[in-house]
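Trainee: Enclosed is the structure file start03.txt (compact mmCIF, C-alpha atoms).
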# COMPACT_ATOMS: atom_id res chain seq x y z
CA MET A 9 -43.07 14.82 17.57
CA LEU A 10 -41.46 12.35 19.93
CA SER A 11 -37.74 12.04 20.40
CA LEU A 12 -36.27 8.63 19.68
CA SER A 13 -35.43 8.20 23.37
CA THR A 14 -39.02 8.88 24.42
CA ALA A 15 -40.37 6.70 21.62
CA THR A 16 -38.23 3.82 22.87
CA LEU A 17 -38.87 4.47 26.55
CA LEU A 18 -42.69 4.46 26.30
CA PRO A 19 -43.12 0.95 24.83
CA GLY A 20 -40.34 -0.26 27.12
CA LEU A 21 -42.20 0.91 30.20
CA LEU A 22 -45.48 -0.47 28.85
CA LEU A 23 -43.98 -3.90 28.16
CA PHE A 24 -42.21 -3.91 31.52
CA ALA A 25 -45.45 -3.07 33.35
CA LEU A 26 -47.40 -5.72 31.46
CA GLY A 27 -44.65 -8.24 32.09
CA ALA A 28 -44.60 -7.42 35.81
CA LEU A 29 -48.39 -7.77 35.96
CA LEU A 30 -48.21 -11.22 34.40
CA LEU A 31 -45.14 -12.25 36.39
CA ILE A 32 -46.36 -11.31 39.87
CA GLY A 33 -50.07 -10.58 39.37
CA GLY A 34 -51.28 -14.10 40.01
CA ASP A 35 -54.99 -14.94 39.95
CA SER A 36 -56.13 -11.33 40.27
CA ALA A 37 -54.25 -10.34 37.11
CA GLY A 38 -55.63 -13.42 35.37
CA SER A 39 -59.22 -12.63 36.21
CA LEU A 40 -58.73 -8.96 35.27
CA LEU A 41 -57.18 -9.77 31.90
CA LYS A 42 -59.66 -12.56 31.11
CA ALA A 43 -62.53 -10.08 31.65
CA LEU A 44 -60.95 -7.46 29.37
CA PRO A 45 -62.23 -8.64 25.95
CA ARG A 46 -65.93 -8.22 26.84
CA SER A 47 -65.60 -5.50 29.47
CA VAL A 48 -67.88 -2.50 28.92
CA GLY A 49 -65.57 -0.22 30.90
CA ALA A 50 -62.53 -1.30 28.90
CA ALA A 51 -64.54 -0.79 25.69
CA VAL A 52 -65.41 2.76 26.70
CA VAL A 53 -61.78 3.54 27.55
CA CYS A 54 -60.06 1.71 24.68
CA PHE A 55 -62.56 2.10 21.85
CA GLY A 56 -63.66 5.53 23.00
CA GLY A 57 -60.05 6.68 23.27
CA ALA A 58 -59.22 5.27 19.84
CA ALA A 59 -62.30 6.95 18.34
CA VAL A 60 -61.38 10.32 19.85
CA TRP A 61 -57.78 10.01 18.65
CA PHE A 62 -58.92 8.94 15.16
CA LEU A 63 -61.47 11.76 14.94
CA TYR A 64 -58.78 14.22 16.01
CA ASN A 65 -56.65 12.95 13.11
CA VAL A 66 -59.59 13.36 10.74
CA LEU A 67 -60.03 16.97 11.82
CA HIS A 68 -56.37 17.63 11.07
CA LEU A 69 -56.25 16.12 7.58
CA SER A 70 -54.36 18.11 5.00
CA GLN A 71 -55.87 19.30 1.74
CA ALA A 72 -54.23 16.37 -0.04
CA ASP A 73 -55.88 13.87 2.30
CA PHE A 74 -59.59 14.58 1.82
CA GLY A 75 -59.11 17.99 3.45
CA ASP A 76 -62.22 19.37 1.73
CA GLN A 77 -64.31 16.58 3.24
CA LYS A 78 -63.31 16.94 6.90
CA LYS A 79 -66.77 17.62 8.28
CA PRO A 80 -68.63 14.80 6.49
CA LEU A 81 -65.84 12.35 7.33
CA PHE A 82 -65.80 13.46 10.96
CA VAL A 83 -69.57 13.15 11.32
CA GLY A 84 -69.67 9.81 9.52
CA PHE A 85 -66.91 8.25 11.59
CA ALA A 86 -68.30 9.69 14.83
CA VAL A 87 -71.71 8.16 14.08
CA VAL A 88 -70.12 4.79 13.28
CA ALA A 89 -68.10 4.91 16.52
CA ALA A 90 -71.16 5.80 18.60
CA LEU A 91 -73.33 3.15 16.95
CA SER A 92 -70.64 0.52 17.53
CA PHE A 93 -71.41 0.59 21.24
CA ARG A 94 -75.04 -0.21 20.49
CA TYR A 95 -74.88 -2.60 17.55
CA ALA A 96 -71.44 -4.25 17.79
CA PRO A 97 -70.56 -4.37 21.50
CA ASP A 98 -68.89 -7.80 21.44
CA PHE A 99 -65.15 -7.57 21.91
CA LEU A 100 -65.22 -3.80 21.42
CA ALA A 101 -62.46 -3.43 24.01
CA VAL A 102 -60.18 -5.65 21.92
CA ARG A 103 -60.96 -3.70 18.77
CA GLY A 104 -60.32 -0.45 20.62
CA LEU A 105 -57.02 -1.76 21.96
CA ALA A 106 -56.08 -2.79 18.42
CA ALA A 107 -56.97 0.66 17.10
CA LEU A 108 -54.97 2.36 19.86
CA THR A 109 -52.00 0.17 18.96
CA LEU A 110 -52.28 1.11 15.30
CA LEU A 111 -52.64 4.80 16.08
CA GLY A 112 -49.84 4.73 18.64
CA GLY A 113 -47.46 2.92 16.34
CA TRP A 114 -47.26 5.83 13.91
CA PRO A 115 -45.53 8.41 16.16
CA LEU A 116 -43.19 5.74 17.51
CA LEU A 117 -42.12 4.65 14.05
CA MET A 118 -41.82 8.24 12.85
CA ALA A 119 -39.39 8.96 15.69
CA ALA A 120 -37.12 6.20 14.36
CA TYR A 121 -37.53 7.14 10.69
CA MET A 122 -34.25 7.87 8.91
CA GLN A 123 -32.24 7.32 12.11
CA TYR A 124 -29.81 4.97 10.38
CA ASP A 125 -26.89 6.02 12.57
CA LYS A 126 -28.64 4.49 15.61
CA PRO A 127 -29.02 0.76 14.93
CA GLN A 128 -30.30 0.07 18.45
CA ARG A 129 -33.57 1.75 17.35
CA LEU A 130 -34.42 -1.58 15.71
CA PHE A 131 -35.24 -3.08 19.11
CA MET A 132 -38.13 -0.61 19.43
CA VAL A 133 -39.11 -0.74 15.76
CA THR A 134 -39.30 -4.54 15.82
CA ALA A 135 -41.55 -4.50 18.87
CA VAL A 136 -43.82 -1.88 17.31
CA TYR A 137 -44.13 -3.77 14.02
CA LEU A 138 -44.97 -6.97 15.90
CA ALA A 139 -47.58 -5.10 17.93
CA VAL A 140 -49.07 -3.58 14.75
CA ALA A 141 -49.27 -6.99 13.06
CA LEU A 142 -50.91 -8.44 16.17
CA ALA A 143 -53.32 -5.50 16.33
CA ILE A 144 -54.40 -6.03 12.73
CA TRP A 145 -54.95 -9.73 13.39
CA LEU A 146 -56.86 -9.16 16.65
CA GLY A 147 -58.88 -6.33 15.13
CA ALA A 148 -60.17 -8.78 12.54
CA GLN A 149 -60.56 -11.72 14.94
CA PRO A 150 -60.95 -10.25 18.44
CA TRP A 151 -62.17 -13.49 20.02
CA ARG A 152 -58.63 -14.84 19.56
CA LEU A 153 -57.50 -12.69 22.48
CA ARG A 154 -60.12 -14.31 24.72
CA ASP A 155 -58.97 -17.76 23.62
CA TRP A 156 -55.30 -16.88 24.07
CA LEU A 157 -55.89 -15.46 27.55
CA ALA A 158 -57.77 -18.63 28.53
CA TRP A 159 -54.82 -20.70 27.30
CA LEU A 160 -52.30 -18.41 29.01
CA PHE A 161 -53.92 -18.63 32.43
CA ALA A 162 -54.80 -22.33 32.22
CA GLN A 163 -51.39 -23.00 33.79
CA PRO A 164 -49.77 -20.37 36.04
CA ALA A 165 -46.30 -21.10 34.66
CA ARG A 166 -47.35 -19.90 31.20
CA ALA A 167 -48.30 -16.45 32.48
CA ARG A 168 -45.04 -16.17 34.40
CA ILE A 169 -42.97 -17.17 31.36
CA VAL A 170 -44.75 -14.71 29.07
CA GLY A 171 -44.52 -12.05 31.80
CA GLY A 172 -40.80 -12.65 32.16
CA LEU A 173 -40.26 -12.38 28.41
CA LEU A 174 -42.32 -9.20 28.09
CA GLY A 175 -40.76 -7.65 31.18
CA GLY A 176 -37.27 -8.54 30.02
CA TYR A 177 -37.81 -7.04 26.58
CA GLY A 178 -39.38 -3.97 28.17
CA LEU A 179 -36.34 -3.59 30.40
CA LEU A 180 -34.10 -3.92 27.34
CA LEU A 181 -36.03 -1.11 25.63
CA VAL A 182 -35.73 1.08 28.72
CA VAL A 183 -31.96 0.58 28.73
CA VAL A 184 -31.75 1.19 24.97
CA ALA A 185 -33.72 4.43 25.36
CA PHE A 186 -30.81 5.90 27.30
CA THR A 187 -28.16 4.92 24.74
CA TYR A 188 -29.07 7.43 22.01
Could you write out this file's structure as structure tokens?

Mentor:
Amino acid sequence: MLSLSTATLLPGLLLFALGALLLIGGDSAGSLLKALPRSVGAAVVCFGGAAVWFLYNVLHLSQADFGDQKKPLFVGFAVVAALSFRYAPDFLAVRGLAALTLLGGWPLLMAAYMQYDKPQRLFMVTAVYLAVALAIWLGAQPWRLRDWLAWLFAQPARARIVGGLLGGYGLLLVVVAFTY
């Protein structure tokens, strides 16, 4: 289980890195990010990583959570994940990124659970809930990320503004992580 400091530091560093990439990355960052939604390599990393993490969770289900059905569930989900690369390859990287966000949100939120004496935790919790909502939306409509990235990089100032906002919030989370 993550400590609240670590659970706040990790998204802070991630947002800061993404913000820095957008802020100073220029055209190379734009072309890299615009290629992400349909990238086979990103699909293998993101969707494959999400599938492995999800299958790990299936193997560790308790008796109350379909514990008697671990093997059939594991095999079924593993087959679906493997067949996704063959029969549903479009925007698989976006779906994998959405799944990783959903899976990663749980330990972060659990670190802040019942920590009412630390109100600054809400900076992290708010960011995680926004990321989870965005992940659900993009998981259902992954082409929206492609469209948004095209809009974002249509004018260089947009990417710098979004990068500054993400980097600034990431820096805020990094500072907050050391206040617990």

Trainee: Please provide the set of residues having any atom within 7 Å of stretch 90-107 of chain A, restricted to all atoms listed in the file, with same-chain residues fewer than 2 positions apart removed, written as a VMD selection string.

Mentor: chain A and resid 44 to 47 50 to 51 54 to 55 58 86 to 88 109 to 111 143 to 144 146 to 147 150 to 151

Trainee: Within 12 Å of A:Thr14, counting all atoms listed in the file, which residues qualify if same-chain residues fewer than 2 places away don't, as a PyMOL selection string?

Mentor: chain A and resi 9-12+16-21+115-120+129+132+181-188

Trainee: Can you write out the residues you just picked, keeping C-alpha atoms, as a PDB file, keeping the file's coordinate frame?

Mentor:
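Result file part26.pdb:
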ATOM      1  CA  MET A   9     -43.070  14.820  17.570  1.00  0.00           C
ATOM      2  CA  LEU A  10     -41.460  12.350  19.930  1.00  0.00           C
ATOM      3  CA  SER A  11     -37.740  12.040  20.400  1.00  0.00           C
ATOM      4  CA  LEU A  12     -36.270   8.630  19.680  1.00  0.00           C
ATOM      5  CA  THR A  16     -38.230   3.820  22.870  1.00  0.00           C
ATOM      6  CA  LEU A  17     -38.870   4.470  26.550  1.00  0.00           C
ATOM      7  CA  LEU A  18     -42.690   4.460  26.300  1.00  0.00           C
ATOM      8  CA  PRO A  19     -43.120   0.950  24.830  1.00  0.00           C
ATOM      9  CA  GLY A  20     -40.340  -0.260  27.120  1.00  0.00           C
ATOM     10  CA  LEU A  21     -42.200   0.910  30.200  1.00  0.00           C
ATOM     11  CA  PRO A 115     -45.530   8.410  16.160  1.00  0.00           C
ATOM     12  CA  LEU A 116     -43.190   5.740  17.510  1.00  0.00           C
ATOM     13  CA  LEU A 117     -42.120   4.650  14.050  1.00  0.00           C
ATOM     14  CA  MET A 118     -41.820   8.240  12.850  1.00  0.00           C
ATOM     15  CA  ALA A 119     -39.390   8.960  15.690  1.00  0.00           C
ATOM     16  CA  ALA A 120     -37.120   6.200  14.360  1.00  0.00           C
ATOM     17  CA  ARG A 129     -33.570   1.750  17.350  1.00  0.00           C
ATOM     18  CA  MET A 132     -38.130  -0.610  19.430  1.00  0.00           C
ATOM     19  CA  LEU A 181     -36.030  -1.110  25.630  1.00  0.00           C
ATOM     20  CA  VAL A 182     -35.730   1.080  28.720  1.00  0.00           C
ATOM     21  CA  VAL A 183     -31.960   0.580  28.730  1.00  0.00           C
ATOM     22  CA  VAL A 184     -31.750   1.190  24.970  1.00  0.00           C
ATOM     23  CA  ALA A 185     -33.720   4.430  25.360  1.00  0.00           C
ATOM     24  CA  PHE A 186     -30.810   5.900  27.300  1.00  0.00           C
ATOM     25  CA  THR A 187     -28.160   4.920  24.740  1.00  0.00           C
ATOM     26  CA  TYR A 188     -29.070   7.430  22.010  1.00  0.00           C
TER      27      TYR A 188
END

Trainee: Work out how far apart atom CA of A:Ala15 and atom CA of A:Leu138 are and give it in Å to one decimal.

Mentor: 15.5 Å

Trainee: Find the residue from A:Gly49, A:Val170, A:Trp145, A:Pro127 that sits nearest to A:Leu157; use only C-alpha atoms when measuring.

Mentor: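 Ranked by minimum distance to A:Leu157, first place goes to A:Val170.
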
Trainee: Could you name the residues that touch A:Leu29 at 10 Å or less, counting only C-alpha atoms, but leaving out those on the same chain fewer than 2 positions away, as a list in words?

Mentor: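 So the residues in contact are Leu23, Phe24, Ala25, Leu26, Gly27, Leu31, Ile32, Gly33, Gly34, Ser36, Ala37, Gly38, Leu41, Ala167, Arg168, Gly171, Gly172 and Gly175 of chain A.
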
Trainee: Report, in Å to a single decimal, how far apart atom CA of A:Ala141 and atom CA of A:Gly75 are.

Mentor: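 Between atom CA of A:Gly75 and atom CA of A:Ala141 the gap is 28.5 Å.
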
Trainee: Distance atom CA of A:Ala43-atom CA of A:Leu153, one decimal place?

Mentor: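 For atom CA of A:Ala43 relative to atom CA of A:Leu153, the distance reads 10.8 Å.
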
Trainee: I'd like the contact shell of A:Lys78 - 9 Å cut-off, all atoms listed in the file, skipping same-chain residues fewer than 6 positions apart - returned as a VMD selection string.

Mentor: chain A and resid 66 to 69

Trainee: Generate the missing atoms of stretch 133-153 of chain A up to N, CA and C atoms and report them as a PDB file, in the frame of the given file.

Mentor:
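Output file rebuild02.pdb follows:
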ATOM      1  N   VAL A 133     -38.379  -0.619  17.019  1.00  0.00           N
ATOM      2  CA  VAL A 133     -39.110  -0.740  15.760  1.00  0.00           C
ATOM      3  C   VAL A 133     -39.650  -2.162  15.589  1.00  0.00           C
ATOM      4  N   THR A 134     -38.855  -3.148  15.932  1.00  0.00           N
ATOM      5  CA  THR A 134     -39.300  -4.540  15.820  1.00  0.00           C
ATOM      6  C   THR A 134     -40.502  -4.797  16.725  1.00  0.00           C
ATOM      7  N   ALA A 135     -40.434  -4.318  17.950  1.00  0.00           N
ATOM      8  CA  ALA A 135     -41.550  -4.500  18.870  1.00  0.00           C
ATOM      9  C   ALA A 135     -42.811  -3.802  18.363  1.00  0.00           C
ATOM     10  N   VAL A 136     -42.654  -2.614  17.817  1.00  0.00           N
ATOM     11  CA  VAL A 136     -43.820  -1.880  17.310  1.00  0.00           C
ATOM     12  C   VAL A 136     -44.420  -2.589  16.110  1.00  0.00           C
ATOM     13  N   TYR A 137     -43.587  -3.053  15.182  1.00  0.00           N
ATOM     14  CA  TYR A 137     -44.130  -3.770  14.020  1.00  0.00           C
ATOM     15  C   TYR A 137     -44.824  -5.063  14.432  1.00  0.00           C
ATOM     16  N   LEU A 138     -44.291  -5.766  15.403  1.00  0.00           N
ATOM     17  CA  LEU A 138     -44.970  -6.970  15.900  1.00  0.00           C
ATOM     18  C   LEU A 138     -46.306  -6.617  16.540  1.00  0.00           C
ATOM     19  N   ALA A 139     -46.333  -5.534  17.296  1.00  0.00           N
ATOM     20  CA  ALA A 139     -47.580  -5.100  17.930  1.00  0.00           C
ATOM     21  C   ALA A 139     -48.606  -4.674  16.877  1.00  0.00           C
ATOM     22  N   VAL A 140     -48.161  -3.993  15.823  1.00  0.00           N
ATOM     23  CA  VAL A 140     -49.070  -3.580  14.750  1.00  0.00           C
ATOM     24  C   VAL A 140     -49.633  -4.791  14.029  1.00  0.00           C
ATOM     25  N   ALA A 141     -48.793  -5.766  13.725  1.00  0.00           N
ATOM     26  CA  ALA A 141     -49.270  -6.990  13.060  1.00  0.00           C
ATOM     27  C   ALA A 141     -50.278  -7.719  13.942  1.00  0.00           C
ATOM     28  N   LEU A 142     -49.985  -7.805  15.230  1.00  0.00           N
ATOM     29  CA  LEU A 142     -50.910  -8.440  16.170  1.00  0.00           C
ATOM     30  C   LEU A 142     -52.212  -7.658  16.274  1.00  0.00           C
ATOM     31  N   ALA A 143     -52.125  -6.343  16.253  1.00  0.00           N
ATOM     32  CA  ALA A 143     -53.320  -5.500  16.330  1.00  0.00           C
ATOM     33  C   ALA A 143     -54.210  -5.690  15.111  1.00  0.00           C
ATOM     34  N   ILE A 144     -53.611  -5.803  13.945  1.00  0.00           N
ATOM     35  CA  ILE A 144     -54.400  -6.030  12.730  1.00  0.00           C
ATOM     36  C   ILE A 144     -55.109  -7.381  12.829  1.00  0.00           C
ATOM     37  N   TRP A 145     -54.381  -8.390  13.277  1.00  0.00           N
ATOM     38  CA  TRP A 145     -54.950  -9.730  13.390  1.00  0.00           C
ATOM     39  C   TRP A 145     -56.081  -9.767  14.438  1.00  0.00           C
ATOM     40  N   LEU A 146     -55.839  -9.160  15.595  1.00  0.00           N
ATOM     41  CA  LEU A 146     -56.860  -9.160  16.650  1.00  0.00           C
ATOM     42  C   LEU A 146     -58.027  -8.232  16.323  1.00  0.00           C
ATOM     43  N   GLY A 147     -57.789  -7.193  15.550  1.00  0.00           N
ATOM     44  CA  GLY A 147     -58.880  -6.330  15.130  1.00  0.00           C
ATOM     45  C   GLY A 147     -59.854  -7.069  14.228  1.00  0.00           C
ATOM     46  N   ALA A 148     -59.331  -7.992  13.436  1.00  0.00           N
ATOM     47  CA  ALA A 148     -60.170  -8.780  12.540  1.00  0.00           C
ATOM     48  C   ALA A 148     -60.786  -9.992  13.243  1.00  0.00           C
ATOM     49  N   GLN A 149     -60.092 -10.530  14.221  1.00  0.00           N
ATOM     50  CA  GLN A 149     -60.560 -11.720  14.940  1.00  0.00           C
ATOM     51  C   GLN A 149     -60.392 -11.509  16.447  1.00  0.00           C
ATOM     52  N   PRO A 150     -61.183 -10.620  17.038  1.00  0.00           N
ATOM     53  CA  PRO A 150     -60.950 -10.250  18.440  1.00  0.00           C
ATOM     54  C   PRO A 150     -61.166 -11.373  19.441  1.00  0.00           C
ATOM     55  N   TRP A 151     -61.941 -12.385  19.092  1.00  0.00           N
ATOM     56  CA  TRP A 151     -62.170 -13.490  20.020  1.00  0.00           C
ATOM     57  C   TRP A 151     -60.892 -14.292  20.256  1.00  0.00           C
ATOM     58  N   ARG A 152     -59.908 -14.138  19.382  1.00  0.00           N
ATOM     59  CA  ARG A 152     -58.630 -14.840  19.560  1.00  0.00           C
ATOM     60  C   ARG A 152     -57.923 -14.397  20.833  1.00  0.00           C
ATOM     61  N   LEU A 153     -58.107 -13.154  21.233  1.00  0.00           N
ATOM     62  CA  LEU A 153     -57.500 -12.690  22.480  1.00  0.00           C
ATOM     63  C   LEU A 153     -58.125 -13.409  23.665  1.00  0.00           C
TER      64      LEU A 153
END
